[in-house]
>>> print(open('coords-v3.txt').read())   # compact mmCIF, C-alpha atoms
# COMPACT_ATOMS: atom_id res chain seq x y z
CA MET A 1 11.67 29.17 -15.27
CA GLU A 2 12.43 28.05 -18.81
CA VAL A 3 12.08 24.66 -20.48
CA LYS A 4 13.66 23.83 -23.82
CA ILE A 5 13.28 20.43 -25.42
CA ILE A 6 15.77 19.15 -27.96
CA GLU A 7 15.31 15.92 -29.88
CA LYS A 8 18.37 14.31 -31.40
CA ASP A 9 19.21 10.71 -32.34
CA ASN A 10 16.13 9.38 -30.55
CA VAL A 11 17.12 11.13 -27.32
CA LEU A 12 14.84 13.79 -25.83
CA THR A 13 16.71 16.35 -23.77
CA ALA A 14 14.88 18.91 -21.64
CA GLN A 15 17.02 21.85 -20.55
CA LEU A 16 15.64 23.32 -17.35
CA THR A 17 16.65 26.85 -16.39
CA GLY A 18 15.69 28.66 -13.18
CA ARG A 19 13.67 27.71 -10.13
CA LEU A 20 11.21 24.84 -10.23
CA ASP A 21 8.79 25.79 -7.46
CA THR A 22 5.06 25.36 -6.93
CA ALA A 23 4.27 28.63 -8.68
CA VAL A 24 5.61 27.36 -12.02
CA SER A 25 5.09 23.62 -11.64
CA GLN A 26 1.89 23.46 -13.70
CA GLU A 27 3.42 25.14 -16.73
CA VAL A 28 6.63 23.11 -16.40
CA SER A 29 4.60 19.93 -16.18
CA ALA A 30 2.77 20.89 -19.38
CA ALA A 31 6.05 21.79 -21.12
CA LEU A 32 7.54 18.40 -20.19
CA GLN A 33 4.54 16.41 -21.40
CA PRO A 34 6.41 15.36 -24.61
CA LEU A 35 8.82 13.40 -22.39
CA VAL A 36 5.95 11.54 -20.73
CA ASP A 37 4.38 10.87 -24.15
CA GLN A 38 7.66 9.57 -25.59
CA ALA A 39 8.83 7.71 -22.50
CA ASP A 40 9.90 4.71 -24.61
CA LYS A 41 12.96 6.75 -25.60
CA THR A 42 16.00 7.96 -23.67
CA LEU A 43 14.99 11.08 -21.76
CA VAL A 44 17.53 13.51 -20.38
CA LEU A 45 16.67 16.14 -17.78
CA ASP A 46 19.50 18.64 -18.10
CA CYS A 47 19.62 20.42 -14.72
CA LYS A 48 22.83 22.39 -15.23
CA GLU A 49 20.92 25.68 -14.99
CA LEU A 50 18.32 24.50 -12.49
CA SER A 51 18.91 26.36 -9.25
CA TYR A 52 16.10 25.07 -7.04
CA ILE A 53 13.49 22.34 -6.85
CA SER A 54 10.61 21.72 -4.45
CA SER A 55 8.31 18.73 -4.06
CA SER A 56 6.14 19.97 -6.93
CA GLY A 57 9.16 19.55 -9.20
CA LEU A 58 10.05 16.16 -7.73
CA ARG A 59 6.50 15.11 -8.56
CA ILE A 60 7.08 15.97 -12.22
CA PHE A 61 10.41 14.11 -12.32
CA LEU A 62 8.82 11.03 -10.74
CA THR A 63 5.92 11.12 -13.21
CA ILE A 64 8.42 11.05 -16.08
CA ARG A 65 10.41 8.27 -14.38
CA LYS A 66 7.28 6.16 -13.91
CA ALA A 67 6.25 6.68 -17.53
CA ALA A 68 9.70 5.49 -18.65
CA ALA A 69 9.47 2.43 -16.41
CA ALA A 70 6.07 1.63 -17.91
CA LYS A 71 7.09 2.21 -21.55
CA GLY A 72 10.61 0.79 -21.44
CA GLY A 73 12.51 4.06 -21.78
CA LYS A 74 15.30 5.49 -19.71
CA VAL A 75 15.67 8.71 -17.69
CA ILE A 76 18.98 10.43 -17.07
CA ILE A 77 19.29 13.44 -14.81
CA ARG A 78 22.30 15.52 -15.71
CA ASP A 79 24.30 18.00 -13.59
CA ILE A 80 22.29 18.72 -10.47
CA ASN A 81 23.80 21.28 -8.08
CA ASN A 82 24.72 20.37 -4.50
CA GLU A 83 21.55 21.79 -2.99
CA ILE A 84 19.34 19.78 -5.35
CA ARG A 85 21.48 16.70 -4.70
CA GLN A 86 20.75 17.20 -1.01
CA VAL A 87 17.00 17.26 -1.75
CA PHE A 88 17.38 14.07 -3.82
CA MET A 89 19.23 12.47 -0.93
CA MET A 90 16.62 13.42 1.67
CA THR A 91 13.78 12.06 -0.43
CA GLY A 92 15.41 8.86 -1.69
CA PHE A 93 15.35 10.17 -5.27
CA LEU A 94 19.05 9.35 -5.68
CA ASN A 95 18.01 5.69 -5.76
CA LEU A 96 15.26 6.24 -8.33
CA PHE A 97 17.28 8.04 -10.99
CA GLU A 98 20.44 7.65 -12.97
CA ILE A 99 22.39 10.82 -12.29
CA GLN A 100 25.25 11.91 -14.51
CA GLU A 101 27.82 14.67 -14.40
CA SER A 102 28.87 16.00 -17.77
CA MET B 1 21.16 39.15 17.83
CA SER B 2 17.42 39.17 17.39
CA ALA B 3 15.23 40.32 14.51
CA SER B 4 11.77 39.61 13.21
CA PHE B 5 10.24 39.49 9.76
CA HIS B 6 6.72 39.30 8.45
CA LEU B 7 5.15 38.37 5.14
CA SER B 8 1.43 38.32 4.34
CA LEU B 9 0.29 36.19 1.42
CA ARG B 10 -2.97 35.19 -0.21
CA ASN B 11 -3.90 31.58 -0.96
CA ASP B 12 -2.64 31.73 -4.55
CA VAL B 13 0.28 29.56 -5.73
CA GLN B 14 1.76 32.53 -7.59
CA GLN B 15 2.46 34.04 -4.18
CA ILE B 16 5.11 31.35 -3.66
CA LEU B 17 7.36 33.54 -5.81
CA LEU B 18 7.52 36.05 -2.92
CA LEU B 19 9.12 33.53 -0.58
CA GLU B 20 12.55 33.68 -2.21
CA GLU B 21 12.98 37.38 -1.50
CA PHE B 22 11.58 37.01 2.03
CA MET B 23 14.00 34.18 2.74
CA GLU B 24 16.88 36.25 1.36
CA ARG B 25 16.09 39.00 3.88
CA VAL B 26 16.02 36.51 6.76
CA ALA B 27 19.21 34.83 5.51
CA THR B 28 21.10 38.10 5.25
CA ALA B 29 20.14 39.07 8.82
CA ALA B 30 21.00 35.62 10.14
CA GLY B 31 24.19 35.28 8.06
CA LEU B 32 23.09 31.97 6.54
CA ASP B 33 25.07 30.26 3.79
CA PRO B 34 23.37 29.57 0.42
CA ALA B 35 22.81 25.87 1.18
CA MET B 36 21.02 26.58 4.46
CA THR B 37 19.06 29.42 2.84
CA MET B 38 17.87 27.11 0.09
CA SER B 39 16.81 24.32 2.39
CA LEU B 40 14.88 26.72 4.65
CA ASN B 41 13.29 28.28 1.57
CA LEU B 42 12.25 24.76 0.55
CA ALA B 43 10.73 23.90 3.95
CA LEU B 44 8.90 27.21 3.97
CA GLU B 45 7.59 26.69 0.44
CA GLU B 46 6.30 23.22 1.28
CA ALA B 47 4.53 24.41 4.43
CA VAL B 48 3.04 27.45 2.68
CA THR B 49 1.97 25.42 -0.38
CA ASN B 50 0.09 23.11 1.91
CA VAL B 51 -1.89 26.03 3.34
CA ILE B 52 -2.45 27.62 -0.08
CA MET B 53 -3.77 24.38 -1.56
CA TYR B 54 -5.85 23.01 1.29
CA ALA B 55 -6.68 25.53 4.03
CA TYR B 56 -9.52 27.37 2.30
CA PRO B 57 -12.44 26.03 0.28
CA LYS B 58 -11.82 26.17 -3.50
CA GLY B 59 -12.62 29.58 -4.95
CA THR B 60 -12.45 31.48 -1.66
CA GLU B 61 -9.68 33.88 -0.85
CA GLY B 62 -7.82 33.68 2.43
CA PRO B 63 -4.69 34.98 4.09
CA VAL B 64 -1.49 33.11 4.92
CA ASP B 65 0.77 34.86 7.42
CA ILE B 66 4.43 34.14 7.93
CA ASP B 67 6.50 35.37 10.84
CA ALA B 68 10.18 34.66 11.17
CA THR B 69 12.07 35.40 14.36
CA LEU B 70 15.80 35.22 14.73
CA ASP B 71 16.95 34.85 18.30
CA GLY B 72 20.57 34.01 18.87
CA GLY B 73 21.25 30.62 17.35
CA GLU B 74 17.66 29.83 16.55
CA LEU B 75 15.35 30.71 13.70
CA CYS B 76 11.63 30.31 14.25
CA PHE B 77 9.05 30.40 11.47
CA VAL B 78 5.38 30.66 12.35
CA LEU B 79 2.78 30.08 9.67
CA SER B 80 -0.83 30.93 10.40
CA ASP B 81 -4.13 30.89 8.56
CA SER B 82 -7.82 31.03 9.41
CA GLY B 83 -8.79 28.07 7.22
CA THR B 84 -10.06 24.56 7.95
CA PRO B 85 -8.34 22.93 10.94
CA PHE B 86 -5.59 20.72 9.55
CA ASP B 87 -2.61 19.22 11.33
CA PRO B 88 0.14 18.55 8.76
CA THR B 89 2.32 16.95 11.44
CA ALA B 90 -0.22 14.13 11.66
CA ALA B 91 0.42 13.09 8.03
CA PRO B 92 1.95 9.62 7.69
CA GLU B 93 5.70 9.49 7.08
CA ALA B 94 6.63 9.01 3.39
CA ASP B 95 8.39 5.70 2.65
CA ILE B 96 11.44 6.81 0.70
CA SER B 97 12.78 3.28 0.31
CA LEU B 98 10.13 2.31 -2.27
CA GLY B 99 11.09 1.66 -5.89
CA VAL B 100 9.89 3.53 -8.98
CA GLU B 101 6.67 1.55 -9.49
CA GLU B 102 5.58 1.50 -5.86
CA ARG B 103 6.53 5.06 -5.06
CA PRO B 104 3.43 7.29 -4.75
CA ILE B 105 3.45 10.61 -6.61
CA GLY B 106 3.36 13.29 -3.93
CA GLY B 107 3.41 13.24 -0.16
CA LEU B 108 6.91 14.69 0.05
CA GLY B 109 6.03 18.27 1.04
CA ILE B 110 5.50 17.81 4.76
CA PHE B 111 8.15 15.11 4.77
CA LEU B 112 10.70 17.73 3.64
CA VAL B 113 9.52 20.22 6.26
CA ARG B 114 10.12 17.62 8.98
CA LYS B 115 13.49 16.62 7.51
CA ILE B 116 14.82 20.17 7.25
CA MET B 117 13.47 21.68 10.48
CA ASP B 118 14.59 20.64 13.96
CA GLN B 119 11.15 20.94 15.48
CA VAL B 120 7.67 21.27 13.95
CA THR B 121 4.59 21.85 16.10
CA TYR B 122 0.96 22.45 15.17
CA GLN B 123 -1.77 24.19 17.11
CA TYR B 124 -5.35 25.18 16.37
CA THR B 125 -6.47 28.03 18.60
CA GLY B 126 -8.86 30.93 18.24
CA GLY B 127 -9.96 29.72 14.81
CA ARG B 128 -6.43 29.70 13.43
CA ASN B 129 -4.04 27.00 12.28
CA THR B 130 -0.54 27.71 13.54
CA LEU B 131 2.49 25.79 12.40
CA LYS B 132 5.70 26.56 14.26
CA MET B 133 8.99 25.47 12.71
CA LEU B 134 12.28 25.78 14.54
CA LYS B 135 15.77 25.58 13.10
CA LYS B 136 19.04 25.83 14.99
CA ILE B 137 21.52 27.80 12.91
>>> encode(input="coords-v3.txt", output="structure tokens")
Amino acid sequence: MEVKIIEKDNVLTAQLTGRLDTAVSQEVSAALQPLVDQADKTLVLDCKELSYISSSGLRIFLTIRKAAAAKGGKVIIRDINNEIRQVFMMTGFLNLFEIQES
Amino acid sequence: MSASFHLSLRNDVQQILLLEEFMERVATAAGLDPAMTMSLNLALEEAVTNVIMYAYPKGTEGPVDIDATLDGGELCFVLSDSGTPFDPTAAPEADISLGVEERPIGGLGIFLVRKIMDQVTYQYTGGRNTLKMLKKI
């Protein structure tokens, strides 16, 4: 699992590559801390290369979403695959996030 | 056709990485498509994570056993451990209609297991927790 954060024009984009499972969730959570800290900005979770997510990953996404709600920022989830979309549907996450296709 | 598979893990989250390959073996034998494979992998991960995190007292090592049996149109996963008795099926249902502020962080693991599997049953016998998960394929 890889996390790359790019800051441009006051937008923080995190590119997520690989499988976000319980084994890596702690390090991914730590890597995404800048998004929580700067949740007054527009935050983009670029999931184009994210192949899998489990509840430990959903927990991280929700933490970021809550921080944005508290600080007045915005979270956009970009390009989730069909399997991840299914997980979002099952858990009601489709209603919690703005999801975009590029 | 029928086939059975076994995987022995320790209660360490890093062991979750071994589930993908295990699930691939089961999926190949059962002829599952990638979407079904992924959702079963997810249910399995959630159930196993639960055991890894909570079955044994912190700092003690313990086994987590997984058996998968393919029998005709049905796949059965049995998870067993010798940890503290804990019935995950008794956990309250997550309320997925809540908004961002009200939504609790967590509580989705077992919820996903129930959503994905057709039948989930728990038993505690002979000092072992056994979680049986059935999926029609």
>>> interface_residues(input="coords-v3.txt", of="chain B", to="chain A", cutoff="9 Å", atoms="all atoms listed in the file", output="VMD selection string")
chain B and resid 12 to 17 34 to 36 38 to 39 42 to 43 45 to 46 49 94 to 101 103 to 109 111 to 112 115 to 116
>>> atom_distance(input="coords-v3.txt", atom1="atom CA of Leu32 of chain A", atom2="atom CA of Glu98 of chain A")
18.3 Å
>>> atom_distance(input="coords-v3.txt", atom1="atom CA of Gly59 of chain B", atom2="atom CA of Ser29 of chain A")
22.7 Å
>>> atom_distance(input="coords-v3.txt", atom1="atom CA of Thr84 of chain B", atom2="atom CA of Met53 of chain B")
11.4 Å
>>> residues_around(input="coords-v3.txt", residues="segment 67-74 of chain B", least_positions_apart="4", cutoff="9 Å", atoms="all atoms listed in the file", output="list of chain:residue names")
B:Met1, B:Ser2, B:Ala3, B:Ser4, B:Phe5, B:His6, B:Leu7, B:Ser8, B:Val26, B:Ala29, B:Ala30, B:Val78, B:Leu79, B:Ser80, B:Leu134, B:Lys135, B:Lys136, B:Ile137
>>> write_last_selection(input="coords-v3.txt", atoms="C-alpha atoms", output="CSV table (one decimal), in the coordinates of the input")
chain,number,residue,atom,x,y,z
B,1,MET,CA,21.2,39.2,17.8
B,2,SER,CA,17.4,39.2,17.4
B,3,ALA,CA,15.2,40.3,14.5
B,4,SER,CA,11.8,39.6,13.2
B,5,PHE,CA,10.2,39.5,9.8
B,6,HIS,CA,6.7,39.3,8.4
B,7,LEU,CA,5.2,38.4,5.1
B,8,SER,CA,1.4,38.3,4.3
B,26,VAL,CA,16.0,36.5,6.8
B,29,ALA,CA,20.1,39.1,8.8
B,30,ALA,CA,21.0,35.6,10.1
B,78,VAL,CA,5.4,30.7,12.4
B,79,LEU,CA,2.8,30.1,9.7
B,80,SER,CA,-0.8,30.9,10.4
B,134,LEU,CA,12.3,25.8,14.5
B,135,LYS,CA,15.8,25.6,13.1
B,136,LYS,CA,19.0,25.8,15.0
B,137,ILE,CA,21.5,27.8,12.9
>>> residues_around(input="coords-v3.txt", residues="segment 35-42 of chain A", least_positions_apart="3", cutoff="7 Å", atoms="all atoms listed in the file", output="count of residues only")
12
>>> closest_residue(input="coords-v3.txt", among="B:Leu75, B:Thr60, B:Val120, B:Ile66", to="Pro88 of chain B", atoms="only C-alpha atoms")
B:Val120
>>> closest_residue(input="coords-v3.txt", among="A:Asp9, A:Gly57, A:Lys4, A:Leu50", to="Ala31 of chain A", atoms="all atoms listed in the file")
A:Lys4
>>> residues_near_point(input="coords-v3.txt", point="(17.9, 16.5, -17.7)", cutoff="9 Å", atoms="all atoms listed in the file", output="count of residues only")
16
>>> residues_around(input="coords-v3.txt", residues="Asp87 of chain B", least_positions_apart="5", cutoff="10 Å", atoms="all atoms listed in the file", output="list in words")
Thr121, Tyr122, Gln123, Tyr124, Asn129, Thr130 and Leu131 of chain B
>>> closest_residue(input="coords-v3.txt", among="B:Phe86, B:Asp33, B:Asn11, B:Gly127", to="Val48 of chain B", atoms="all atoms listed in the file")
B:Asn11
